[in-house]
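Accompanying notes for the structure given below.
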Amino acid sequence: MILPDTRLRQLSDPVVRVDARVRAIVEDMFETMYDAPGIGLAAIQVGVPERIVTVDVGPREAQAEGAEAEEAEREKHPLALINPEIIAASEELSVYSEGCLSIPEYYADVERPARVRIRYMDLNGETREIDADGLLATCVQHEIDHLNGVLFIDHISKLKRDRVITKFTKLAKKERDGV
């Protein structure tokens, strides 16, 4: 789903039970996220208005060997978060240049808490908590924002946000009109 799709502003519903259907959604989300390529994805971005997030901020290890390597692979560290919620956040802030699969090729510096504690259910339906900092903290906050209908551009100045929305609205209109 690409901006200005109004579903991106939709509040996602909690997952009642982690079952085969939810695990299949998560599997599809990881495939979509890796293919993009991206480091995080919220279910609403693929048209599923449920509180499901996939992230992988593991180290990128390019292993291309000359002309023989068609595609560089990276070590995967997938993390699926069902009904994630931030239960604590540091007062210390950090700034990362964020991008989004729903706002392609646009990046902006966003300030967020440097560390967060997240409560979520895993793929077995077990409640877990993790402490996140650095890129993982930023990515999880970004994706949880999606579940609440918030985009990373909502964290930048109104002027910049309005420019981005106008640009993507015009692109969508051109695409609709076949121009």
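Every chain in the structure tokens has a letter given in the order shown (A, B, ...), and although residue numbers restart at 1 in each chain, ligands are simply numbered from 1 in the order shown.
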
Using only C-alpha atoms, determine which residues lie at most 7 Å from Ile44 of chain A, disregarding the query and same-chain residues fewer than 4 positions distant; provide the list as a list in words.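 Residues near the query, excluding close chain neighbours: Leu8, Ser12, Val48, Pro49, Glu50 and Leu147 of chain A.
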
Find the residues around Asp28 of chain A up to 12 Å (only C-alpha atoms counted), leave out those fewer than 6 positions away in its own chain, and share them as a ChimeraX atom specification. /A:21-22,34-35,41-43,45-48,52-54,80

Would you export the selected residues with N, CA and C atoms as a CSV table (one decimal), in the first residue's frame, please?
```
chain,number,residue,atom,x,y,z
A,21,ARG,N,-3.7,-19.1,10.6
A,21,ARG,CA,-4.0,-18.0,9.8
A,21,ARG,C,-3.0,-16.8,10.0
A,22,VAL,N,-2.8,-16.5,11.3
A,22,VAL,CA,-1.9,-15.5,11.7
A,22,VAL,C,-0.4,-15.8,11.3
A,34,TYR,N,11.3,-8.9,2.9
A,34,TYR,CA,12.7,-9.2,2.4
A,34,TYR,C,12.8,-8.9,0.9
A,35,ASP,N,11.7,-9.1,0.2
A,35,ASP,CA,11.7,-8.8,-1.3
A,35,ASP,C,11.8,-7.3,-1.6
A,41,LEU,N,7.8,-4.2,8.7
A,41,LEU,CA,6.5,-4.1,7.9
A,41,LEU,C,5.4,-4.3,8.9
A,42,ALA,N,4.4,-3.5,8.8
A,42,ALA,CA,3.1,-3.7,9.6
A,42,ALA,C,2.1,-4.3,8.7
A,43,ALA,N,1.2,-5.1,9.3
A,43,ALA,CA,0.2,-5.9,8.5
A,43,ALA,C,-0.7,-4.9,7.7
A,45,GLN,N,0.1,-2.5,6.0
A,45,GLN,CA,0.8,-2.1,4.8
A,45,GLN,C,0.6,-3.1,3.6
A,46,VAL,N,0.1,-4.3,4.0
A,46,VAL,CA,-0.2,-5.3,3.0
A,46,VAL,C,-1.7,-5.6,3.0
A,47,GLY,N,-2.5,-4.6,3.6
A,47,GLY,CA,-3.9,-4.7,3.5
A,47,GLY,C,-4.6,-5.5,4.6
A,48,VAL,N,-3.9,-5.8,5.7
A,48,VAL,CA,-4.4,-6.6,6.8
A,48,VAL,C,-4.5,-5.7,8.0
A,52,ILE,N,-0.1,-6.7,13.7
A,52,ILE,CA,1.0,-7.7,13.5
A,52,ILE,C,2.2,-6.9,12.8
A,53,VAL,N,3.4,-7.1,13.3
A,53,VAL,CA,4.6,-6.4,12.8
A,53,VAL,C,5.7,-7.5,12.6
A,54,THR,N,6.4,-7.3,11.5
A,54,THR,CA,7.6,-8.1,11.3
A,54,THR,C,8.8,-7.1,11.2
A,80,ALA,N,8.8,-11.5,14.8
A,80,ALA,CA,7.4,-11.2,14.6
A,80,ALA,C,6.8,-10.8,15.9
```

In terms of the shortest atom-to-atom distance over only C-alpha atoms, which of A:Ile156, A:Ala132, A:Val164, A:Ile82 is closest to Tyr120 of chain A? A:Ile82

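Selecting helix (DSSP H, G or I) from the backbone DSSP output for segment 19-115 of chain A yields Ala20, Arg21, Val22, Arg23, Ala24, Ile25, Val26, Glu27, Asp28, Met29, Phe30, Glu31, Thr32, Met33, Tyr34, Asp35, Ala43, Ile44, Gln45, Val46, Gly66, Ala67 and Glu68 of chain A.
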
Grab the residues selected above and save them as a short mmCIF file (atom, residue, chain, number, x, y, z; two decimals), in the first residue's frame with N, CA, C and O atoms.
```cif
data_model
loop_
_atom_site.label_atom_id
_atom_site.label_comp_id
_atom_site.auth_asym_id
_atom_site.auth_seq_id
_atom_site.Cartn_x
_atom_site.Cartn_y
_atom_site.Cartn_z
N ALA A 20 -2.88 -20.70 12.79
CA ALA A 20 -2.26 -20.94 11.48
C ALA A 20 -2.50 -19.77 10.54
O ALA A 20 -1.62 -19.42 9.75
N ARG A 21 -3.68 -19.13 10.62
CA ARG A 21 -3.98 -17.99 9.75
C ARG A 21 -3.01 -16.84 10.04
O ARG A 21 -2.44 -16.25 9.11
N VAL A 22 -2.78 -16.55 11.30
CA VAL A 22 -1.88 -15.46 11.69
C VAL A 22 -0.45 -15.81 11.30
O VAL A 22 0.28 -14.96 10.77
N ARG A 23 -0.05 -17.05 11.53
CA ARG A 23 1.32 -17.46 11.15
C ARG A 23 1.52 -17.35 9.64
O ARG A 23 2.59 -16.98 9.17
N ALA A 24 0.48 -17.64 8.85
CA ALA A 24 0.58 -17.51 7.38
C ALA A 24 0.72 -16.04 6.99
O ALA A 24 1.49 -15.71 6.08
N ILE A 25 -0.01 -15.15 7.67
CA ILE A 25 0.12 -13.72 7.41
C ILE A 25 1.56 -13.28 7.69
O ILE A 25 2.17 -12.57 6.89
N VAL A 26 2.10 -13.73 8.83
CA VAL A 26 3.47 -13.37 9.20
C VAL A 26 4.46 -13.87 8.16
O VAL A 26 5.36 -13.14 7.74
N GLU A 27 4.29 -15.10 7.71
CA GLU A 27 5.19 -15.67 6.69
C GLU A 27 5.15 -14.82 5.41
O GLU A 27 6.19 -14.49 4.83
N ASP A 28 3.94 -14.46 4.98
CA ASP A 28 3.78 -13.61 3.79
C ASP A 28 4.42 -12.24 4.00
O ASP A 28 5.04 -11.69 3.09
N MET A 29 4.26 -11.70 5.22
CA MET A 29 4.84 -10.39 5.51
C MET A 29 6.36 -10.43 5.45
O MET A 29 6.98 -9.51 4.91
N PHE A 30 6.98 -11.48 6.00
CA PHE A 30 8.44 -11.58 5.92
C PHE A 30 8.89 -11.66 4.47
O PHE A 30 9.84 -11.00 4.06
N GLU A 31 8.18 -12.44 3.67
CA GLU A 31 8.53 -12.56 2.25
C GLU A 31 8.45 -11.19 1.56
O GLU A 31 9.36 -10.79 0.84
N THR A 32 7.37 -10.47 1.81
CA THR A 32 7.19 -9.14 1.23
C THR A 32 8.28 -8.19 1.70
O THR A 32 8.87 -7.45 0.91
N MET A 33 8.56 -8.22 3.01
CA MET A 33 9.56 -7.32 3.59
C MET A 33 10.95 -7.59 3.01
O MET A 33 11.65 -6.66 2.61
N TYR A 34 11.34 -8.86 2.93
CA TYR A 34 12.66 -9.19 2.40
C TYR A 34 12.76 -8.88 0.90
O TYR A 34 13.80 -8.43 0.42
N ASP A 35 11.68 -9.10 0.17
CA ASP A 35 11.69 -8.83 -1.27
C ASP A 35 11.79 -7.34 -1.58
O ASP A 35 12.29 -6.96 -2.64
N ALA A 43 1.23 -5.12 9.27
CA ALA A 43 0.24 -5.85 8.48
C ALA A 43 -0.65 -4.91 7.66
O ALA A 43 -1.03 -5.25 6.53
N ILE A 44 -0.96 -3.74 8.18
CA ILE A 44 -1.81 -2.81 7.44
C ILE A 44 -1.18 -2.42 6.10
O ILE A 44 -1.89 -2.12 5.14
N GLN A 45 0.14 -2.45 6.01
CA GLN A 45 0.81 -2.09 4.77
C GLN A 45 0.56 -3.10 3.65
O GLN A 45 0.78 -2.79 2.48
N VAL A 46 0.12 -4.29 4.03
CA VAL A 46 -0.22 -5.31 3.03
C VAL A 46 -1.72 -5.57 3.04
O VAL A 46 -2.18 -6.63 2.62
N GLY A 66 32.38 -11.54 -6.86
CA GLY A 66 32.60 -11.17 -8.26
C GLY A 66 31.36 -11.30 -9.10
O GLY A 66 30.24 -11.13 -8.66
N ALA A 67 31.56 -11.64 -10.38
CA ALA A 67 30.47 -11.71 -11.34
C ALA A 67 29.57 -12.92 -11.11
O ALA A 67 28.47 -12.98 -11.62
N GLU A 68 30.07 -13.91 -10.33
CA GLU A 68 29.29 -15.13 -10.10
C GLU A 68 28.08 -14.88 -9.21
O GLU A 68 27.09 -15.58 -9.30
#
```

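In the backbone-derived DSSP annotation, strand (DSSP E or B) within segment 7-91 of chain A comprises Asp13, Gly40, Leu41, Ala42, Glu50, Ile52, Val53, Thr54, Val55, Leu79, Ala80, Leu81, Ile82, Asn83, Pro84, Glu85, Ile86, Ile87, Ala88 and Ala89 of chain A.
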
Could you please take those selected residues and save all heavy atoms as a short mmCIF file (atom, residue, chain, number, x, y, z; two decimals), in the first residue's frame?
```cif
data_model
loop_
_atom_site.label_atom_id
_atom_site.label_comp_id
_atom_site.auth_asym_id
_atom_site.auth_seq_id
_atom_site.Cartn_x
_atom_site.Cartn_y
_atom_site.Cartn_z
N ASP A 13 -6.73 -3.70 14.29
CA ASP A 13 -7.41 -4.44 15.35
C ASP A 13 -6.46 -5.42 16.03
O ASP A 13 -5.59 -6.01 15.37
CB ASP A 13 -8.58 -5.24 14.76
CG ASP A 13 -9.65 -4.35 14.16
OD1 ASP A 13 -9.94 -3.28 14.74
OD2 ASP A 13 -10.20 -4.72 13.10
N GLY A 40 11.31 -3.60 8.20
CA GLY A 40 10.12 -3.70 9.03
C GLY A 40 8.88 -3.58 8.18
O GLY A 40 8.89 -2.97 7.11
N LEU A 41 7.79 -4.20 8.66
CA LEU A 41 6.53 -4.14 7.93
C LEU A 41 5.39 -4.33 8.92
O LEU A 41 5.46 -5.20 9.80
CB LEU A 41 6.48 -5.26 6.87
CG LEU A 41 5.36 -5.21 5.85
CD1 LEU A 41 5.49 -3.99 4.93
CD2 LEU A 41 5.35 -6.48 5.01
N ALA A 42 4.36 -3.52 8.79
CA ALA A 42 3.14 -3.68 9.58
C ALA A 42 2.08 -4.30 8.68
O ALA A 42 2.03 -4.02 7.48
CB ALA A 42 2.68 -2.32 10.10
N GLU A 50 -4.63 -5.72 11.13
CA GLU A 50 -4.43 -6.40 12.40
C GLU A 50 -3.09 -5.99 12.99
O GLU A 50 -2.17 -5.62 12.27
CB GLU A 50 -4.51 -7.92 12.22
CG GLU A 50 -5.88 -8.39 11.76
CD GLU A 50 -5.99 -9.89 11.70
OE1 GLU A 50 -5.69 -10.55 12.72
OE2 GLU A 50 -6.36 -10.40 10.63
N ILE A 52 -0.05 -6.73 13.75
CA ILE A 52 1.03 -7.67 13.46
C ILE A 52 2.17 -6.88 12.82
O ILE A 52 1.95 -6.08 11.92
CB ILE A 52 0.58 -8.78 12.48
CG1 ILE A 52 -0.63 -9.54 13.03
CG2 ILE A 52 1.74 -9.73 12.18
CD1 ILE A 52 -1.27 -10.48 12.02
N VAL A 53 3.38 -7.13 13.33
CA VAL A 53 4.58 -6.45 12.83
C VAL A 53 5.66 -7.49 12.59
O VAL A 53 5.82 -8.43 13.37
CB VAL A 53 5.07 -5.41 13.87
CG1 VAL A 53 6.49 -4.96 13.60
CG2 VAL A 53 4.13 -4.22 13.94
N THR A 54 6.42 -7.31 11.50
CA THR A 54 7.62 -8.10 11.28
C THR A 54 8.80 -7.14 11.17
O THR A 54 8.68 -6.06 10.57
CB THR A 54 7.53 -8.95 9.99
OG1 THR A 54 7.24 -8.11 8.87
CG2 THR A 54 6.44 -10.01 10.11
N VAL A 55 9.92 -7.53 11.77
CA VAL A 55 11.13 -6.72 11.68
C VAL A 55 12.34 -7.63 11.54
O VAL A 55 12.32 -8.78 11.97
CB VAL A 55 11.34 -5.78 12.91
CG1 VAL A 55 10.22 -4.76 13.02
CG2 VAL A 55 11.47 -6.55 14.18
N LEU A 79 11.93 -11.22 13.42
CA LEU A 79 11.22 -11.05 14.69
C LEU A 79 9.78 -10.69 14.35
O LEU A 79 9.54 -9.69 13.67
CB LEU A 79 11.87 -9.95 15.53
CG LEU A 79 11.19 -9.60 16.86
CD1 LEU A 79 11.18 -10.80 17.81
CD2 LEU A 79 11.90 -8.42 17.50
N ALA A 80 8.83 -11.52 14.79
CA ALA A 80 7.41 -11.25 14.59
C ALA A 80 6.82 -10.79 15.91
O ALA A 80 7.04 -11.42 16.95
CB ALA A 80 6.70 -12.51 14.10
N LEU A 81 6.08 -9.70 15.86
CA LEU A 81 5.47 -9.12 17.05
C LEU A 81 3.96 -9.07 16.84
O LEU A 81 3.49 -8.37 15.93
CB LEU A 81 6.00 -7.71 17.30
CG LEU A 81 7.53 -7.55 17.35
CD1 LEU A 81 7.91 -6.08 17.32
CD2 LEU A 81 8.09 -8.21 18.58
N ILE A 82 3.22 -9.78 17.66
CA ILE A 82 1.76 -9.78 17.59
C ILE A 82 1.25 -8.91 18.74
O ILE A 82 1.67 -9.08 19.89
CB ILE A 82 1.20 -11.21 17.73
CG1 ILE A 82 1.94 -12.21 16.84
CG2 ILE A 82 -0.31 -11.22 17.50
CD1 ILE A 82 1.86 -11.98 15.38
N ASN A 83 0.35 -7.99 18.44
CA ASN A 83 -0.18 -7.04 19.43
C ASN A 83 0.92 -6.33 20.21
O ASN A 83 0.87 -6.23 21.44
CB ASN A 83 -1.14 -7.75 20.41
CG ASN A 83 -2.36 -8.30 19.73
OD1 ASN A 83 -2.80 -7.81 18.71
ND2 ASN A 83 -2.93 -9.35 20.32
N PRO A 84 1.93 -5.79 19.51
CA PRO A 84 3.02 -5.14 20.24
C PRO A 84 2.56 -3.84 20.89
O PRO A 84 1.71 -3.13 20.35
CB PRO A 84 4.05 -4.86 19.14
CG PRO A 84 3.22 -4.69 17.91
CD PRO A 84 2.08 -5.68 18.07
N GLU A 85 3.13 -3.57 22.05
CA GLU A 85 2.86 -2.30 22.72
C GLU A 85 4.13 -1.84 23.42
O GLU A 85 4.89 -2.66 23.96
CB GLU A 85 1.70 -2.40 23.71
CG GLU A 85 1.92 -3.42 24.80
CD GLU A 85 0.75 -3.51 25.78
OE1 GLU A 85 0.21 -2.45 26.15
OE2 GLU A 85 0.41 -4.63 26.17
N ILE A 86 4.35 -0.55 23.39
CA ILE A 86 5.50 0.02 24.09
C ILE A 86 5.07 0.25 25.53
O ILE A 86 4.10 0.98 25.78
CB ILE A 86 5.94 1.34 23.42
CG1 ILE A 86 6.42 1.05 21.99
CG2 ILE A 86 7.03 2.02 24.24
CD1 ILE A 86 6.62 2.28 21.14
N ILE A 87 5.76 -0.40 26.47
CA ILE A 87 5.39 -0.28 27.87
C ILE A 87 6.34 0.63 28.65
O ILE A 87 6.03 1.02 29.77
CB ILE A 87 5.25 -1.65 28.55
CG1 ILE A 87 6.54 -2.47 28.45
CG2 ILE A 87 4.08 -2.42 27.93
CD1 ILE A 87 6.51 -3.77 29.25
N ALA A 88 7.46 0.97 28.05
CA ALA A 88 8.39 1.93 28.65
C ALA A 88 9.25 2.52 27.54
O ALA A 88 9.57 1.84 26.57
CB ALA A 88 9.27 1.26 29.70
N ALA A 89 9.61 3.79 27.71
CA ALA A 89 10.45 4.47 26.73
C ALA A 89 11.42 5.38 27.47
O ALA A 89 11.05 6.00 28.48
CB ALA A 89 9.60 5.29 25.76
#
```

Tell me, as a ChimeraX atom specification, which residues lie within 6 Å of Leu93 of chain A, counting only C-alpha atoms; anything in the same chain fewer than 6 positions away does not count. /A:112-114

Could you please take those selected residues and save all heavy atoms as a PDB file, in the first residue's frame?
```
ATOM      1  N   ARG A 112      13.051   9.913  18.047  1.00  0.00           N
ATOM      2  CA  ARG A 112      12.222   8.988  18.835  1.00  0.00           C
ATOM      3  C   ARG A 112      12.995   8.612  20.100  1.00  0.00           C
ATOM      4  O   ARG A 112      14.209   8.799  20.166  1.00  0.00           O
ATOM      5  CB  ARG A 112      11.937   7.709  18.050  1.00  0.00           C
ATOM      6  CG  ARG A 112      11.159   7.901  16.756  1.00  0.00           C
ATOM      7  CD  ARG A 112      10.912   6.520  16.122  1.00  0.00           C
ATOM      8  NE  ARG A 112      10.259   6.603  14.830  1.00  0.00           N
ATOM      9  CZ  ARG A 112       8.954   6.601  14.644  1.00  0.00           C
ATOM     10  NH1 ARG A 112       8.133   6.536  15.679  1.00  0.00           N
ATOM     11  NH2 ARG A 112       8.443   6.664  13.429  1.00  0.00           N
ATOM     12  N   PRO A 113      12.302   8.012  21.088  1.00  0.00           N
ATOM     13  CA  PRO A 113      13.026   7.501  22.253  1.00  0.00           C
ATOM     14  C   PRO A 113      14.139   6.541  21.822  1.00  0.00           C
ATOM     15  O   PRO A 113      13.941   5.706  20.927  1.00  0.00           O
ATOM     16  CB  PRO A 113      11.942   6.786  23.059  1.00  0.00           C
ATOM     17  CG  PRO A 113      10.692   7.552  22.726  1.00  0.00           C
ATOM     18  CD  PRO A 113      10.849   7.881  21.254  1.00  0.00           C
ATOM     19  N   ALA A 114      15.287   6.665  22.465  1.00  0.00           N
ATOM     20  CA  ALA A 114      16.448   5.844  22.106  1.00  0.00           C
ATOM     21  C   ALA A 114      16.275   4.385  22.502  1.00  0.00           C
ATOM     22  O   ALA A 114      16.815   3.486  21.848  1.00  0.00           O
ATOM     23  CB  ALA A 114      17.708   6.410  22.753  1.00  0.00           C
TER      24      ALA A 114
END
```

Which residue, A:His142, A:Lys173, A:Lys76, A:Arg115, has the smallest gap to Ser94 of chain A when you use only C-alpha atoms?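 Result for the nearest residue to Ser94 of chain A: A:Arg115.
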
Best match for closeness to Leu101 of chain A among A:Leu11, A:Leu151, A:Ala172, A:Ile165, counting only C-alpha atoms: A:Leu151

For atom CA of Lys174 of chain A and atom CA of His155 of chain A, quote the distance in Å rounded to one decimal.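 Distance between the two atoms: 27.1 Å.
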
Atom CA of Glu126 of chain A and atom CA of Arg17 of chain A are how many Å apart?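 These two atoms are separated by 10.5 Å.
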
Please report the interatomic distance between atom CA of Glu75 of chain A and atom CA of Met1 of chain A in Å with one decimal.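 That distance, rounded to one decimal, is 26.7 Å.
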